[in-house]
Amino acid sequence: MKNKQLYRAMLTALLMALTIVCGRFFLLPIPWTHGNINLSDASILIAAALLGPLGGGIVGGVGTAFLDLISGYTQYAPFSLLAHGLEGILAGWCYQRWGKTKLGQWSSLAVGALVMVGGYFLADSFLYTWVAGFLGIGTNLLQGLAGIIVAQLILPALKARWQD
């Protein structure tokens, strides 16, 4: 039992580090907003699929909050903790229930990405204006979609090697 717990803790830490790397180095700045599109969602959704709601929530929330702190977006850290944390929790919860079919897997990851989009709409609306919130929806949807596609491409290989 200890080995399984150690395995899950190490995989959580690895995916949290991957979230930071993907968010820091695989990014595309968006000129009309205050942010960028990055691939952090891919590692969050992978964590949700492999580790479930708790692991997905920890990787999503803590990983992206730390990413914001080291990237100069400190005002977004609490919002990232909530938005990406909920993304990981809900994607993991849905994946455990619906993940046996391809449609269920895609739907589960989409639920998580949509929660992230809603969270950042609220964050931008609170930090700036509701217009800024609406303007961010498109780029956040694009980021979520990129995360879903990358996660779906990588998950089969990871599941084959790293099953609990």
# chains A, B, ... in the order shown; residues from 1 in each chain; ligands from 1

$ residues_around --residues "Tyr95 of chain A" --least-positions-apart "2" --cutoff "7 Å" --atoms "only C-alpha atoms" --output "PyMOL selection string"
chain A and resi 49+91-93+97-99+105+108

$ select_by_dssp --residues "segment 9-159 of chain A" --states "alpha helix (DSSP H)" --output "JSON, numbers by chain"
{"A": [9, 10, 11, 12, 13, 14, 15, 16, 17, 18, 19, 20, 21, 22, 23, 24, 25, 40, 41, 42, 43, 44, 45, 46, 47, 48, 49, 50, 51, 52, 53, 54, 55, 56, 57, 58, 59, 60, 61, 62, 63, 64, 65, 66, 67, 68, 69, 70, 71, 77, 78, 79, 80, 81, 82, 83, 84, 85, 86, 87, 88, 89, 90, 91, 92, 93, 94, 95, 96, 97, 98, 102, 103, 104, 105, 106, 107, 108, 109, 110, 111, 112, 113, 114, 115, 116, 117, 118, 119, 120, 121, 122, 123, 124, 125, 126, 127, 130, 131, 132, 133, 134, 135, 136, 137, 138, 139, 140, 141, 142, 143, 144, 145, 146, 147, 148, 149, 150, 151, 152, 153, 154, 155, 156, 157, 158, 159]}

$ closest_residue --among "A:Leu67, A:Thr101, A:Val59, A:Tyr128" --to "Met10 of chain A" --atoms "only C-alpha atoms"
A:Val59

$ select_by_dssp --residues "segment 8-160 of chain A" --states "strand (DSSP E or B)" --output "list in words"
Leu27, Leu28, Pro29, Asn36, Ile37 and Asn38 of chain A

$ atom_distance --atom1 "atom CA of Leu50 of chain A" --atom2 "atom CA of Thr12 of chain A"
9.5 Å

$ atom_distance --atom1 "atom CA of Ala42 of chain A" --atom2 "atom CA of Ala151 of chain A"
5.0 Å

$ residues_around --residues "Leu45 of chain A" --least-positions-apart "6" --cutoff "8 Å" --atoms "only C-alpha atoms" --output "PyMOL selection string"
chain A and resi 56+87-88+91-92+109+112+147-148+151

$ write_last_selection --atoms "N, CA and C atoms" --output "PDB file, in the first residue's frame"
ATOM      1  N   GLY A  56      -6.000  15.660  -9.835  1.00  0.00           N
ATOM      2  CA  GLY A  56      -6.251  16.685 -10.845  1.00  0.00           C
ATOM      3  C   GLY A  56      -6.407  18.062 -10.231  1.00  0.00           C
ATOM      4  N   GLU A  87     -11.117  22.772 -12.461  1.00  0.00           N
ATOM      5  CA  GLU A  87     -10.971  22.068 -13.736  1.00  0.00           C
ATOM      6  C   GLU A  87     -10.476  20.645 -13.507  1.00  0.00           C
ATOM      7  N   GLY A  88      -9.427  20.510 -12.712  1.00  0.00           N
ATOM      8  CA  GLY A  88      -8.871  19.188 -12.430  1.00  0.00           C
ATOM      9  C   GLY A  88      -9.821  18.309 -11.637  1.00  0.00           C
ATOM     10  N   ALA A  91     -12.925  17.435 -14.035  1.00  0.00           N
ATOM     11  CA  ALA A  91     -12.496  16.549 -15.120  1.00  0.00           C
ATOM     12  C   ALA A  91     -12.173  15.157 -14.560  1.00  0.00           C
ATOM     13  N   GLY A  92     -11.512  15.108 -13.410  1.00  0.00           N
ATOM     14  CA  GLY A  92     -11.188  13.817 -12.795  1.00  0.00           C
ATOM     15  C   GLY A  92     -12.428  13.063 -12.346  1.00  0.00           C
ATOM     16  N   LEU A 109     -13.061  15.724 -20.224  1.00  0.00           N
ATOM     17  CA  LEU A 109     -12.024  16.742 -20.338  1.00  0.00           C
ATOM     18  C   LEU A 109     -12.628  18.087 -20.745  1.00  0.00           C
ATOM     19  N   GLY A 112     -14.041  19.922 -17.726  1.00  0.00           N
ATOM     20  CA  GLY A 112     -12.974  20.611 -17.000  1.00  0.00           C
ATOM     21  C   GLY A 112     -12.537  21.893 -17.684  1.00  0.00           C
ATOM     22  N   GLY A 147      -5.465  21.938 -24.817  1.00  0.00           N
ATOM     23  CA  GLY A 147      -5.168  21.025 -23.709  1.00  0.00           C
ATOM     24  C   GLY A 147      -5.871  19.694 -23.849  1.00  0.00           C
ATOM     25  N   ILE A 148      -7.137  19.720 -24.279  1.00  0.00           N
ATOM     26  CA  ILE A 148      -7.902  18.488 -24.469  1.00  0.00           C
ATOM     27  C   ILE A 148      -7.265  17.631 -25.560  1.00  0.00           C
ATOM     28  N   ALA A 151      -3.861  16.228 -24.415  1.00  0.00           N
ATOM     29  CA  ALA A 151      -4.091  15.197 -23.403  1.00  0.00           C
ATOM     30  C   ALA A 151      -4.602  13.906 -24.041  1.00  0.00           C
TER      31      ALA A 151
END

$ atom_distance --atom1 "atom CA of Ile89 of chain A" --atom2 "atom CA of Ala65 of chain A"
15.3 Å

$ residues_around --residues "Ala13 of chain A" --least-positions-apart "2" --cutoff "12 Å" --atoms "only C-alpha atoms" --output "list in words"
Leu6, Tyr7, Arg8, Ala9, Met10, Leu11, Leu15, Met16, Ala17, Leu18, Thr19, Ile20, Ser43, Ile44, Ala47, Leu51, Gly55, Gly56, Ile58, Val59, Gly60, Val62 and Gly63 of chain A

$ closest_residue --among "A:Gln96, A:Asn3, A:Ser107, A:Ser80" --to "Tyr120 of chain A" --atoms "only C-alpha atoms"
A:Ser80

$ decode --residues "segment 103-130 of chain A" --atoms "N, CA, C and O atoms" --output "CSV table (one decimal), in the first residue's frame"
chain,number,residue,atom,x,y,z
A,103,LEU,N,-16.1,8.9,-26.2
A,103,LEU,CA,-17.0,10.1,-26.1
A,103,LEU,C,-17.0,10.6,-24.6
A,103,LEU,O,-16.9,11.8,-24.3
A,104,GLY,N,-17.0,9.6,-23.7
A,104,GLY,CA,-17.0,10.0,-22.3
A,104,GLY,C,-15.7,10.6,-21.9
A,104,GLY,O,-15.7,11.6,-21.1
A,105,GLN,N,-14.6,10.2,-22.4
A,105,GLN,CA,-13.3,10.8,-22.2
A,105,GLN,C,-13.2,12.2,-22.7
A,105,GLN,O,-12.8,13.1,-21.9
A,106,TRP,N,-13.6,12.4,-23.9
A,106,TRP,CA,-13.6,13.8,-24.5
A,106,TRP,C,-14.6,14.7,-23.7
A,106,TRP,O,-14.2,15.8,-23.4
A,107,SER,N,-15.7,14.2,-23.3
A,107,SER,CA,-16.7,15.0,-22.6
A,107,SER,C,-16.2,15.3,-21.2
A,107,SER,O,-16.4,16.5,-20.8
A,108,SER,N,-15.5,14.4,-20.6
A,108,SER,CA,-15.0,14.7,-19.2
A,108,SER,C,-14.0,15.8,-19.3
A,108,SER,O,-14.0,16.7,-18.4
A,109,LEU,N,-13.1,15.7,-20.2
A,109,LEU,CA,-12.0,16.7,-20.3
A,109,LEU,C,-12.6,18.1,-20.7
A,109,LEU,O,-12.2,19.1,-20.3
A,110,ALA,N,-13.7,18.0,-21.6
A,110,ALA,CA,-14.4,19.3,-22.0
A,110,ALA,C,-15.0,20.0,-20.8
A,110,ALA,O,-15.0,21.2,-20.7
A,111,VAL,N,-15.6,19.2,-19.9
A,111,VAL,CA,-16.2,19.7,-18.7
A,111,VAL,C,-15.2,20.5,-17.9
A,111,VAL,O,-15.4,21.7,-17.5
A,112,GLY,N,-14.0,19.9,-17.7
A,112,GLY,CA,-13.0,20.6,-17.0
A,112,GLY,C,-12.5,21.9,-17.7
A,112,GLY,O,-12.4,22.9,-17.0
A,113,ALA,N,-12.3,21.8,-19.0
A,113,ALA,CA,-11.9,23.0,-19.7
A,113,ALA,C,-13.0,24.1,-19.7
A,113,ALA,O,-12.6,25.3,-19.5
A,114,LEU,N,-14.2,23.8,-19.8
A,114,LEU,CA,-15.3,24.8,-19.7
A,114,LEU,C,-15.3,25.5,-18.3
A,114,LEU,O,-15.6,26.7,-18.2
A,115,VAL,N,-15.1,24.7,-17.3
A,115,VAL,CA,-15.0,25.3,-15.9
A,115,VAL,C,-13.9,26.3,-15.9
A,115,VAL,O,-14.0,27.4,-15.3
A,116,MET,N,-12.7,25.9,-16.5
A,116,MET,CA,-11.6,26.9,-16.5
A,116,MET,C,-12.0,28.2,-17.2
A,116,MET,O,-11.7,29.3,-16.7
A,117,VAL,N,-12.7,28.1,-18.3
A,117,VAL,CA,-13.1,29.2,-19.1
A,117,VAL,C,-14.0,30.1,-18.3
A,117,VAL,O,-13.8,31.3,-18.2
A,118,GLY,N,-15.0,29.5,-17.6
A,118,GLY,CA,-15.9,30.2,-16.7
A,118,GLY,C,-15.1,30.9,-15.6
A,118,GLY,O,-15.4,32.1,-15.2
A,119,GLY,N,-14.2,30.2,-15.0
A,119,GLY,CA,-13.4,30.8,-13.9
A,119,GLY,C,-12.6,32.0,-14.3
A,119,GLY,O,-12.6,33.0,-13.6
A,120,TYR,N,-12.0,31.9,-15.5
A,120,TYR,CA,-11.2,33.1,-16.0
A,120,TYR,C,-12.1,34.2,-16.5
A,120,TYR,O,-11.7,35.4,-16.4
A,121,PHE,N,-13.3,33.9,-16.9
A,121,PHE,CA,-14.3,35.0,-17.3
A,121,PHE,C,-14.6,35.8,-16.0
A,121,PHE,O,-14.6,37.0,-16.0
A,122,LEU,N,-14.8,35.1,-14.9
A,122,LEU,CA,-15.1,35.7,-13.6
A,122,LEU,C,-13.9,36.5,-13.1
A,122,LEU,O,-14.0,37.6,-12.6
A,123,ALA,N,-12.7,35.9,-13.3
A,123,ALA,CA,-11.5,36.6,-12.8
A,123,ALA,C,-11.2,37.8,-13.6
A,123,ALA,O,-11.0,38.9,-13.0
A,124,ASP,N,-11.3,37.8,-14.9
A,124,ASP,CA,-11.1,39.0,-15.7
A,124,ASP,C,-12.2,40.0,-15.5
A,124,ASP,O,-11.9,41.2,-15.4
A,125,SER,N,-13.4,39.6,-15.2
A,125,SER,CA,-14.5,40.5,-14.9
A,125,SER,C,-14.2,41.2,-13.6
A,125,SER,O,-14.5,42.4,-13.5
A,126,PHE,N,-13.7,40.5,-12.6
A,126,PHE,CA,-13.4,41.1,-11.3
A,126,PHE,C,-12.2,42.0,-11.4
A,126,PHE,O,-12.2,43.1,-10.8
A,127,LEU,N,-11.1,41.5,-12.0
A,127,LEU,CA,-9.9,42.3,-12.0
A,127,LEU,C,-10.0,43.5,-12.9
A,127,LEU,O,-9.3,44.5,-12.7
A,128,TYR,N,-10.7,43.4,-14.0
A,128,TYR,CA,-10.7,44.5,-15.0
A,128,TYR,C,-12.2,44.9,-15.2
A,128,TYR,O,-12.7,45.7,-14.5
A,129,THR,N,-12.8,44.4,-16.3
A,129,THR,CA,-14.2,44.7,-16.5
A,129,THR,C,-14.9,43.5,-17.1
A,129,THR,O,-14.2,42.6,-17.6
A,130,TRP,N,-16.2,43.5,-17.2
A,130,TRP,CA,-16.9,42.4,-17.8
A,130,TRP,C,-16.6,42.3,-19.2
A,130,TRP,O,-16.6,41.2,-19.8
